[in-house]
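*Asks:* Before I ask anything, let me first share the structure, which is written out below as structure tokens.
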Amino acid sequence: MVTERLVLVAATLVLAAVGLLPVAAMLKETLIADGRFSLEAYRALLASGDHLALLMSHSLQLAFLTASLATLIGVPLGVLLGKTDLPWRSALTLVLAAPLLIPSYVLAVAWLSMVGRTGLLGGILPEAWSREIGSAFFGLFGCTFVLAAAFMPIATLLTIAFLRNINPELENAGRLVSGWLGVLARITLPVVAPAIVFAAVLIFLLSLGEIGVPMYLRFPVYPVETLTQFAAFYDLRAATVTAAPLLLVTLAVLGLQNRLHKRVLQLGRQTPRGEAVPITLGIWRLPLFALVLAFAAVVVAVPLGALAVQSFSVDAYALAFARAGDSILRSLAFGAAGASLLAVLGFFWGYLAERRTLFLWWTNEWIALLLLALPGSVIGIGLISLWNTKATSFIYASPAILILGYLAQYAILPTRVVAASLHAVPRSLEQAAWLSGAGWIATLRLIVAPLARRGLVAAWLISFVFALRDVAISIVVYPPGADTLPVRILTLMANGAPSVIAALCIILIAVTLLPLAAAGLWLKFGVARP
């Protein structure tokens with residue numbers, strides 16, 4: 001249909017314009033000086049090579065260690081939660097996925113409220129021990145630990161998702177000649193290897209662009225240099241040039257795993273060959289359950305509980321609301337606006353990814369995946385390079401630039417959720433509607449969207465959560481006087497009282513979880529059932 005092609009092409013162009021034009025504008029800014037082509041900015045960058053090389057080595061080291069640790073822990077957890085008869089698998093999966101819902105630096109605050117000199121352990125352990133533990137947590141060790149805990153759910157969830165795609169006939173055949181350990185080693189894990197490698201690559205790239213945790217734990221990394229050039233020295237050109245190597249590293253890493261890309265795009269397409277073959281743990285069921293439960297408590301419950309205890313004061317919350325009440329409202333408004341646009345556009349992006357009605361159907365997802373992998377600071381600098389002109393100041397000086405950043409960085413989330421949801425909607429229903437004379441838009445509105453509404457609700461919620469927790473883009477592009485709650489918390493950490501910072505982090509967690517709880521109740525009581 002002509003209408004279908006036009007709308008889907010327009011949706012693709014919107015994504016390219018929102019995501020790729022800022023990057024192109026950033027690169028142009030580095031190559032043009034006084035209206036002429038020039039490499040002088042890059043020569044200046046190379047001239048300060050020792051300092052920047054040290055920062056880049058720190059970033060690469062942190063990213064590698066984080067990706068390695070998160071993958072080594074996350075994959076076995078994914079197998080236990082997605083393949084075995086472990087008790088309470090769904091509840092444990094939700095608990096272990098919780099770190100993805102909050103800014104990673106909140107976990108750093110939570111852990112310092114536990115192991116810091118003024119934390120809970122500080123009042124129990126000898127002062128020398130407490131001082132030693134607190135000091136060790138600052139730097140590479142603490143950053144790696146916190147980021148691995150924050151990004152480990154990516155490896156776990158991708159492993160669980162890919163386990164659903166395994167042909168059970170392969171595993172059944174393997175069990176004829178080997179036990180489950182042999183089947184896992186020779187069949188299951190090799191089949192899900194694309195998910196494992198992709199998870200490691202994604203965690204590597206997300207850690208490479210991380211700003212909040214290294215800033216809080218005082219570990220100098222390369223992305224902070226970009227932020228410093230812009231926020232401290234107001235030197236947009238220097239910030240732009242400094243951001244360019246991060247773009248090159250991201251493209252290089254994504255290029256190395258390009259062969260895995262098509263396999264990753266199939267997430268959510270379960271095998272039609274039958275139910276997955278579960279692993280019966282037998283006598284190991286309760287010991288492994290206790291081990292996973294203890295791990296979830298240590299990684300999630302204990303630090304967040306310590307954060308809640310440190311904030312347990314009426315005065316702390318009163319002061320927190322007084323200092324950041326406006327930021328809370330702005331975060332909710334910006335997050336809702338960004339999530340709504342992402343859900344609407346994501347419906348068309350997901351439709352194209354699932355139905356593949358255009359020749360270059362994969363373009364959307366490739367662009368969206370690239371934008372997710374790019375450090376938020378790079379996207380933010382690109383947005384400023386594109387929109388900081390006299391003609392477009394109405395966007396540059398308004399929250400619109402922040403919403404555009406959300407659209408760019410998080411486009412892959414609603415795209416994948418909607419595509420997985422549309423996989424359950426038979427194409428034959430659309431064809432029947434067309435034969436009855438309905439147009440493509442009417443078919444989407446009356447048939448496809450209602451049947452996929454659970455997926456649309458999930459797409460909105462996931463987009464809202466990630467927009468609400470965003471730090472890297474927000475801290476670069478937010479207009480004066482329009483900072484979000486995560487940015488306000490990060491800026492108050494330098495001189496704010498620990499109890500107030502803890503209270504603000506608890507407020508941020510509550511604001512994030514409340515919509516998810518409301519949606520869960522809505523779905524549970526059948527409001528969204530088709």
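Lettering and numbering for the structure tokens are positional, with chains as A, B, ... in the shown order, residues counted from 1 in each chain, and ligands counted from 1 in the shown order.
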Tell me which protein, DNA and RNA residues are within 12 Å of Leu184 of chain A, counting only C-alpha atoms, leaving out same-chain ones fewer than 5 positions away, and put them as a PyMOL selection string.
*Replies:* chain A and resi 75-76+79-80+83-84+163+166+170-172+174-175+178-179+189-193+277-279
*Asks:* Using only C-alpha atoms, which protein or nucleic acid residues come within 12 Å of Ala494 of chain A? Drop anything in the same chain fewer than 6 positions from it, and give the result as a list of chain:residue names.
*Replies:*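 Residues meeting the cut-off are A:Met215, A:Tyr216, A:Leu217, A:Arg218, A:Arg488, A:Ile501.
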*Asks:* To one decimal place in Å, what is the distance between atom CA of Leu247 of chain A and atom CA of Val378 of chain A?
*Replies:*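 Separation of atom CA of Leu247 of chain A and atom CA of Val378 of chain A: 7.1 Å.
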*Asks:* When you count only C-alpha atoms, which of these residues is closest to Ile441 of chain A: A:Glu4, A:Phe466, A:Pro194, A:Ser135?
*Replies:*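 The closest residue to Ile441 of chain A is A:Glu4.
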*Asks:* Which residues are close to Leu27 of chain A, i.e. within 12 Å by only C-alpha atoms, leaving aside same-chain residues fewer than 3 positions away? Reply as a ChimeraX atom specification.
*Replies:* /A:20-24,30-32,37-39,41-42,237-248,378-379,381-383,385-386
*Asks:* Suppose you want the space between atom CA of Ser499 of chain A and atom CA of Phe219 of chain A; what is it in Å?
*Replies:*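 That distance, rounded to one decimal, is 23.3 Å.
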*Asks:* If you count only C-alpha atoms, which residues fall within 7 Å of segment 87-98 of chain A, apart from same-chain ones fewer than 3 positions away, as a list in words?
*Replies:*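 Once the adjacent positions are removed, what remains is Leu81, Leu101, Pro153, Phe289, Ala296 and Val300 of chain A.
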*Asks:* For C-alpha atoms, I'd like the residues from the last selection saved as a PDB file, in the first residue's frame.
*Replies:*
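File written: out01.pdb
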```pdb
ATOM      1  CA  LEU A  81      16.197 -18.053  35.841  1.00  0.00           C
ATOM      2  CA  LEU A 101      15.356   1.064  36.442  1.00  0.00           C
ATOM      3  CA  PRO A 153      20.630  -7.486  34.170  1.00  0.00           C
ATOM      4  CA  PHE A 289      17.732 -20.922  45.163  1.00  0.00           C
ATOM      5  CA  ALA A 296      19.860 -10.649  44.990  1.00  0.00           C
ATOM      6  CA  VAL A 300      19.979  -5.072  45.303  1.00  0.00           C
TER       7      VAL A 300
END
```
*Asks:* So what do you get for atom CA of Ala442 of chain A versus atom CA of Val418 of chain A, distance-wise?
*Replies:*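 Between atom CA of Ala442 of chain A and atom CA of Val418 of chain A the gap works out to 18.3 Å.
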*Asks:* Let me make sure I understand: among A:Ile73, A:Leu140, A:Val487, A:Ile403, which one has the smallest atom-to-atom distance to Pro220 of chain A if we use only C-alpha atoms?
*Replies:*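 Of A:Ile73, A:Leu140, A:Val487, A:Ile403, the one nearest Pro220 of chain A is A:Leu140, counting only C-alpha atoms.
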*Asks:* Mind checking DSSP for segment 13-145 of chain A and telling me the strand (DSSP E) residues as a ChimeraX atom specification?
*Replies:* /A:32-33,36-37
*Asks:* Could you give me the residues within segment 339-381 of chain A that DSSP places in helix (DSSP H, G or I), as a PyMOL selection string?
*Replies:* chain A and resi 339-355+363-373+376-381
*Asks:* Give me the residues within 10 Å of Thr280 of chain A as a list of chain:residue names, counting only C-alpha atoms and dropping any in the same chain fewer than 4 places off.
*Replies:*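 Here the qualifying residues turn out to be A:Lys83, A:Thr84, A:Asp85, A:Leu86, A:Trp180, A:Trp284, A:Arg285.
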*Asks:* Any idea what's packed within 7 Å of Leu371 of chain A, counting only C-alpha atoms, ignoring anything in its chain fewer than 2 positions away? Could you give it as a PyMOL selection string?
*Replies:* chain A and resi 19+367-369+373-374+408-409
*Asks:* Neighbours of Phe321 of chain A within 12 Å (only C-alpha atoms; same-chain residues fewer than 6 positions away dropped), as a PyMOL selection string?
*Replies:* chain A and resi 314-315+327-329+485+488-489+500-501+503-508
*Asks:* Point out the residue among A:Ala458, A:Ile412, A:Ala438, A:Val109 with the least atom-to-atom distance to Trp362 of chain A, counting only C-alpha atoms.
*Replies:*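 Going through A:Ala458, A:Ile412, A:Ala438, A:Val109 one by one, the smallest distance to Trp362 of chain A is for A:Ile412.
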*Asks:* Using only C-alpha atoms, which of the listed residues (A:Ala452, A:Leu107, A:Leu352, A:Ala47) sits closest to Arg5 of chain A?
*Replies:*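 That would be A:Leu352, the residue with the smallest distance to Arg5 of chain A.
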